[in-house]
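Next comes protein09.cif, a file with mmCIF, C-alpha atoms and all ligand atoms.
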data_start
loop_
_atom_site.label_atom_id
_atom_site.label_comp_id
_atom_site.auth_asym_id
_atom_site.auth_seq_id
_atom_site.Cartn_x
_atom_site.Cartn_y
_atom_site.Cartn_z
CA MET J 5 33.56 -2.88 -16.71
CA GLU J 6 31.27 -1.96 -13.83
CA LYS J 7 28.19 -4.16 -13.61
CA ILE J 8 25.25 -1.79 -13.34
CA ALA J 9 21.66 -3.02 -13.09
CA LEU J 10 18.39 -1.15 -13.39
CA PHE J 11 15.30 -2.10 -11.42
CA PRO J 12 12.53 -0.18 -13.17
CA GLY J 13 8.97 0.15 -11.95
CA SER J 14 6.22 2.36 -10.63
CA PHE J 15 6.74 1.55 -6.94
CA ASP J 16 3.32 3.02 -6.15
CA PRO J 17 4.16 2.29 -3.33
CA ILE J 18 7.27 0.13 -2.85
CA THR J 19 6.31 -3.20 -1.26
CA LYS J 20 8.15 -5.94 0.60
CA GLY J 21 8.11 -7.85 -2.72
CA HIS J 22 10.21 -5.17 -4.43
CA GLU J 23 12.47 -4.85 -1.38
CA SER J 24 13.12 -8.59 -1.34
CA ILE J 25 14.13 -8.76 -5.03
CA ILE J 26 16.46 -5.76 -4.71
CA LYS J 27 18.18 -7.12 -1.59
CA ARG J 28 18.73 -10.47 -3.30
CA ALA J 29 20.28 -8.69 -6.31
CA ILE J 30 22.74 -6.54 -4.31
CA PRO J 31 25.57 -9.16 -4.16
CA LEU J 32 25.41 -9.72 -7.92
CA PHE J 33 26.07 -6.18 -9.16
CA ASP J 34 28.45 -3.27 -8.51
CA LYS J 35 25.55 -0.84 -8.57
CA ILE J 36 21.75 -1.06 -8.73
CA ILE J 37 19.70 1.89 -9.91
CA ILE J 38 16.08 1.76 -8.78
CA ALA J 39 14.30 3.94 -11.30
CA ILE J 40 10.73 5.14 -11.40
CA GLY J 41 9.46 5.37 -14.96
CA GLU J 42 7.41 8.51 -15.49
CA ASN J 43 4.56 7.54 -17.76
CA SER J 44 2.15 10.31 -18.64
CA GLU J 45 -0.65 7.82 -19.37
CA LYS J 46 -0.38 6.05 -16.01
CA LYS J 47 -2.05 7.93 -13.17
CA CYS J 48 -0.19 7.21 -9.96
CA TYR J 49 -1.61 7.23 -6.44
CA PHE J 50 1.49 8.69 -4.75
CA SER J 51 3.62 11.54 -6.13
CA ILE J 52 6.94 10.69 -7.72
CA GLU J 53 8.80 12.63 -4.98
CA GLN J 54 7.00 10.65 -2.27
CA ARG J 55 7.73 7.32 -3.97
CA MET J 56 11.42 8.20 -4.46
CA ASN J 57 11.80 9.34 -0.85
CA TRP J 58 10.38 6.10 0.48
CA ILE J 59 12.74 4.03 -1.68
CA LYS J 60 15.71 6.16 -0.55
CA LYS J 61 14.74 5.56 3.09
CA VAL J 62 14.40 1.80 2.59
CA PHE J 63 17.90 1.57 1.07
CA ALA J 64 19.60 4.33 3.09
CA ASP J 65 22.20 1.85 4.37
CA CYS J 66 23.05 0.43 0.94
CA PRO J 67 25.87 2.44 -0.67
CA ASN J 68 25.55 0.65 -4.03
CA ILE J 69 21.92 1.62 -4.55
CA GLU J 70 20.78 4.78 -6.31
CA VAL J 71 17.24 6.02 -6.78
CA GLU J 72 16.33 7.87 -9.99
CA LYS J 73 13.42 8.71 -12.24
CA TYR J 74 13.29 8.58 -16.01
CA SER J 75 10.94 9.05 -18.91
CA GLY J 76 10.96 7.40 -22.30
CA LEU J 77 12.06 3.91 -23.23
CA THR J 78 13.72 1.90 -20.46
CA VAL J 79 16.35 0.50 -22.86
CA GLU J 80 17.29 3.97 -24.09
CA TYR J 81 17.80 5.02 -20.46
CA CYS J 82 20.06 1.96 -20.09
CA ARG J 83 22.04 2.78 -23.22
CA GLU J 84 22.57 6.40 -22.15
CA ASN J 85 23.67 5.43 -18.63
CA LYS J 86 25.82 2.39 -19.51
CA ILE J 87 23.45 0.03 -17.70
CA GLY J 88 23.94 -3.58 -18.83
CA TYR J 89 21.19 -5.38 -16.90
CA ILE J 90 17.49 -4.94 -16.23
CA LEU J 91 16.11 -6.68 -13.13
CA ARG J 92 12.53 -7.94 -13.01
CA GLY J 93 10.57 -10.07 -10.59
CA LEU J 94 8.48 -13.04 -11.72
CA ARG J 95 5.45 -13.86 -9.59
CA THR J 96 3.23 -15.85 -11.92
CA SER J 97 3.08 -17.29 -15.42
CA ALA J 98 1.21 -14.13 -16.44
CA ASP J 99 4.24 -12.09 -15.32
CA PHE J 100 6.41 -14.40 -17.41
CA GLU J 101 4.40 -13.92 -20.62
CA PHE J 102 4.34 -10.16 -20.14
CA GLU J 103 8.05 -9.93 -19.31
CA ARG J 104 9.11 -12.28 -22.08
CA SER J 105 7.86 -10.03 -24.87
CA ILE J 106 9.23 -6.88 -23.25
CA GLY J 107 12.59 -8.57 -22.60
CA GLN J 108 12.84 -9.89 -26.15
CA MET J 109 11.86 -6.53 -27.67
CA ASN J 110 14.36 -4.72 -25.43
CA LYS J 111 17.12 -7.04 -26.65
CA LYS J 112 16.19 -6.28 -30.28
CA ILE J 113 16.38 -2.54 -29.61
CA TYR J 114 19.55 -2.68 -27.52
CA PRO J 115 21.41 -6.00 -28.01
CA ALA J 116 23.89 -5.35 -25.18
CA ILE J 117 21.13 -5.46 -22.57
CA GLU J 118 20.42 -8.60 -20.52
CA THR J 119 17.22 -8.95 -18.50
CA VAL J 120 17.71 -10.85 -15.25
CA PHE J 121 14.64 -12.43 -13.64
CA PHE J 122 14.20 -13.25 -10.00
CA LEU J 123 11.54 -15.72 -8.92
CA THR J 124 9.51 -14.19 -6.13
CA THR J 125 9.78 -15.89 -2.77
CA PRO J 126 6.49 -17.72 -2.07
CA GLU J 127 5.32 -15.37 0.69
CA TYR J 128 5.33 -12.40 -1.73
CA THR J 129 3.75 -14.05 -4.77
CA ALA J 130 0.32 -12.55 -4.15
CA LEU J 131 1.64 -9.11 -3.26
CA ASN J 132 1.43 -6.18 -5.62
CA SER J 133 1.23 -2.39 -5.32
CA SER J 134 -2.27 -2.23 -6.77
CA ILE J 135 -3.73 -4.41 -4.00
CA VAL J 136 -1.88 -2.31 -1.42
CA ARG J 137 -3.51 0.83 -2.91
CA ASP J 138 -6.95 -0.81 -2.82
CA ILE J 139 -6.53 -1.69 0.85
CA LEU J 140 -5.42 1.89 1.57
CA ARG J 141 -8.37 3.39 -0.32
CA HIS J 142 -10.69 1.41 1.90
CA GLY J 143 -8.93 2.40 5.10
CA GLY J 144 -7.23 -0.97 5.68
CA ASP J 145 -3.88 -1.64 7.33
CA VAL J 146 -1.03 -2.40 4.89
CA LYS J 147 1.86 -2.50 7.39
CA GLN J 148 2.64 -6.17 6.82
CA PHE J 149 3.01 -5.60 3.05
CA ILE J 150 5.36 -2.62 2.94
CA PRO J 151 8.89 -2.01 4.24
CA SER J 152 8.98 -0.61 7.80
CA GLU J 153 10.60 2.63 6.54
CA VAL J 154 7.49 3.51 4.51
CA ASP J 155 5.45 5.75 6.82
CA LEU J 156 1.98 5.40 5.39
P1 LIG J 201 5.45 -1.96 -13.14
O1 LIG J 201 4.84 -0.62 -13.20
O2 LIG J 201 6.58 -2.20 -14.09
O3 LIG J 201 4.48 -3.11 -13.06
P2 LIG J 201 5.96 -2.45 -10.38
O4 LIG J 201 6.40 -1.38 -9.45
O5 LIG J 201 4.62 -3.04 -10.16
O6 LIG J 201 6.18 -1.89 -11.79
O7 LIG J 201 7.01 -3.64 -10.36
C1 LIG J 201 8.36 -3.49 -10.66
C2 LIG J 201 9.03 -4.85 -10.66
O8 LIG J 201 8.86 -5.46 -9.39
C3 LIG J 201 8.43 -5.84 -11.66
O9 LIG J 201 9.48 -6.63 -12.20
C4 LIG J 201 7.56 -6.70 -10.84
O10 LIG J 201 7.44 -8.01 -11.37
C5 LIG J 201 8.33 -6.74 -9.54
N1 LIG J 201 7.45 -7.03 -8.42
C6 LIG J 201 6.34 -6.39 -8.06
N2 LIG J 201 5.76 -6.96 -6.97
C7 LIG J 201 6.56 -8.00 -6.64
C8 LIG J 201 6.50 -9.01 -5.64
N3 LIG J 201 5.51 -9.08 -4.78
N4 LIG J 201 7.49 -9.91 -5.60
C9 LIG J 201 8.48 -9.85 -6.50
N5 LIG J 201 8.59 -8.95 -7.49
C10 LIG J 201 7.64 -8.04 -7.56
#

Rewrite the structure from the file as structure tokens, please.
Amino acid sequence: MEKIALFPGSFDPITKGHESIIKRAIPLFDKIIIAIGENSEKKCYFSIEQRMNWIKKVFADCPNIEVEKYSGLTVEYCRENKIGYILRGLRTSADFEFERSIGQMNKKIYPAIETVFFLTTPEYTALNSSIVRDILRHGGDVKQFIPSEVDL
């Protein structure tokens, strides 16, 4: 059976941290779907179209990567699309505690799912989209934190 993995997130915007995890996961799976979860309660800085376009540009040369959006429960999206793995990045112990409960609950809801965690490389441990947005709001330069294809 094809090994399909989902990398879910907001990607508001995609950072070099996300890019690094996805590139490290490519050799492990037949296909990776990068999917933006549409959450009506979460107000995003960039539009969903803009965020998807940037991700498509970053992975334009990777035939096994697809970019999608979804709403509702991540595990239900996996069940419907025959996705067996969820990829997540772990930066800190706080990430671990957060991800552990989600991962364990997801497994209860959909026992066939496996969550696969990647430890962040040290240079990206402090990087997150919310800091990038803060820098942008204050007119700072975020070039070193985002993939070169993202034309901010
Ligand atoms: P969410 O809305 O789920 O927090 P994000 O877009 O912030 O989505 O993150 C999606 C995934 O990318 C999460 O697993 C998160 O841990 C991971 N991630 C975010 N930033 C980094 C980083 N700097 N290094 C490694 N993984 C990261």

Check your understanding: Excluding same-chain residues fewer than 6 positions from Gly93 of chain J, what lies within 10 Å of it counting all atoms listed in the file, as a count of residues only?
Key -> 16

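Surrounding residues of (28.2, -9.9, -9.0) at most 12 Å away are Met5, Glu6, Lys7, Ile8, Ala9, Arg28, Ala29, Ile30, Pro31, Leu32, Phe33, Asp34, Lys35, Ile36, Asn68 and Tyr89 of chain J (based on only C-alpha atoms).
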
Store the residues of this selection in a file with C-alpha atoms, as a PDB file, in the coordinates of the input.
ATOM      1  CA  MET J   5      33.560  -2.880 -16.710  1.00  0.00           C
ATOM      2  CA  GLU J   6      31.270  -1.960 -13.830  1.00  0.00           C
ATOM      3  CA  LYS J   7      28.190  -4.160 -13.610  1.00  0.00           C
ATOM      4  CA  ILE J   8      25.250  -1.790 -13.340  1.00  0.00           C
ATOM      5  CA  ALA J   9      21.660  -3.020 -13.090  1.00  0.00           C
ATOM      6  CA  ARG J  28      18.730 -10.470  -3.300  1.00  0.00           C
ATOM      7  CA  ALA J  29      20.280  -8.690  -6.310  1.00  0.00           C
ATOM      8  CA  ILE J  30      22.740  -6.540  -4.310  1.00  0.00           C
ATOM      9  CA  PRO J  31      25.570  -9.160  -4.160  1.00  0.00           C
ATOM     10  CA  LEU J  32      25.410  -9.720  -7.920  1.00  0.00           C
ATOM     11  CA  PHE J  33      26.070  -6.180  -9.160  1.00  0.00           C
ATOM     12  CA  ASP J  34      28.450  -3.270  -8.510  1.00  0.00           C
ATOM     13  CA  LYS J  35      25.550  -0.840  -8.570  1.00  0.00           C
ATOM     14  CA  ILE J  36      21.750  -1.060  -8.730  1.00  0.00           C
ATOM     15  CA  ASN J  68      25.550   0.650  -4.030  1.00  0.00           C
ATOM     16  CA  TYR J  89      21.190  -5.380 -16.900  1.00  0.00           C
TER      17      TYR J  89
END

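Taking atom O10 of ligand LIG 201 (chain J) as the reference point, atom CA of Phe102 of chain J is found at 9.5 Å.
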
Exercise for review: Pick out the closest residue to Thr96 of chain J from this set: J:Gln54, J:Asp138, J:Leu131, J:Gly143. Count only C-alpha atoms.
Suggested key: J:Leu131

**Study point:** Between atom CA of Glu42 of chain J and atom CA of Gln148 of chain J, distance in Å (one decimal)
**Key:** 27.1 Å

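If you look at atom CA of Lys61 of chain J and atom O2 of ligand LIG 201 (chain J), they are 20.5 Å away from each other.
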
Point to revise | Near-Glu70 of chain J list (10 Å; only C-alpha atoms; drop same-chain fewer than 3 positions) as a list of chain:residue names | key: J:Leu10, J:Lys35, J:Ile36, J:Ile37, J:Ile38, J:Ala39, J:Ile59, J:Lys60, J:Phe63, J:Ala64, J:Cys66, J:Pro67

Exercise for review: Would you kindly return, as a PyMOL selection string, each protein, DNA or RNA residue with an atom no farther than 9 Å from any atom of segment 44-53 of chain J, considering only C-alpha atoms and excluding same-chain residues fewer than 5 positions away?
Suggested key: chain J and resi 14+16-17+58+73+75+137

Can I get the selected residues back with C-alpha atoms, as a tab-separated table (two decimals), in the coordinates of the input?
chain	number	residue	atom	x	y	z
J	14	SER	CA	6.22	2.36	-10.63
J	16	ASP	CA	3.32	3.02	-6.15
J	17	PRO	CA	4.16	2.29	-3.33
J	58	TRP	CA	10.38	6.10	0.48
J	73	LYS	CA	13.42	8.71	-12.24
J	75	SER	CA	10.94	9.05	-18.91
J	137	ARG	CA	-3.51	0.83	-2.91

Practice item. Give me the residues within 6 Å of segment 149-153 of chain J as a PyMOL selection string, counting all atoms listed in the file and dropping any in the same chain fewer than 4 places off. Key: chain J and resi 19-20+62

Test item: axis-aligned box, all listed atoms of ligand LIG 201 (chain J), 8 Å on each side, centre and edges in Å rounded to one decimal, as lines of an AutoDock Vina configuration file:
center_x = 7.0
center_y = -5.3
center_z = -9.4
size_x = 21.0
size_y = 25.3
size_z = 25.3

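Ranking J:Asp145, J:Glu101, J:Asp155, J:Glu127 by their shortest atom-to-atom distance to ligand LIG 201 (chain J), with all atoms listed in the file included, puts J:Glu127 first.
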
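Nearest residue to ligand LIG 201 (chain J) among J:Lys27, J:His142, J:Arg83, J:Arg95 is J:Arg95, counting all atoms listed in the file.
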
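With distances restricted to all atoms listed in the file, J:Ile40 is the closest residue to ligand LIG 201 (chain J) from J:Val79, J:Leu140, J:Ile40, J:Ile87.
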
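Take the candidates J:Asn43, J:Asn85, J:Asn57, J:Gln108 and check each one against Val154 of chain J using only C-alpha atoms; the shortest distance goes to J:Asn57.
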
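Distance annotation: of J:Ser97, J:Asn132, J:Thr78, J:Thr119, the residue with the minimal separation from ligand LIG 201 (chain J) is J:Asn132; atom set is only C-alpha atoms and all ligand atoms.
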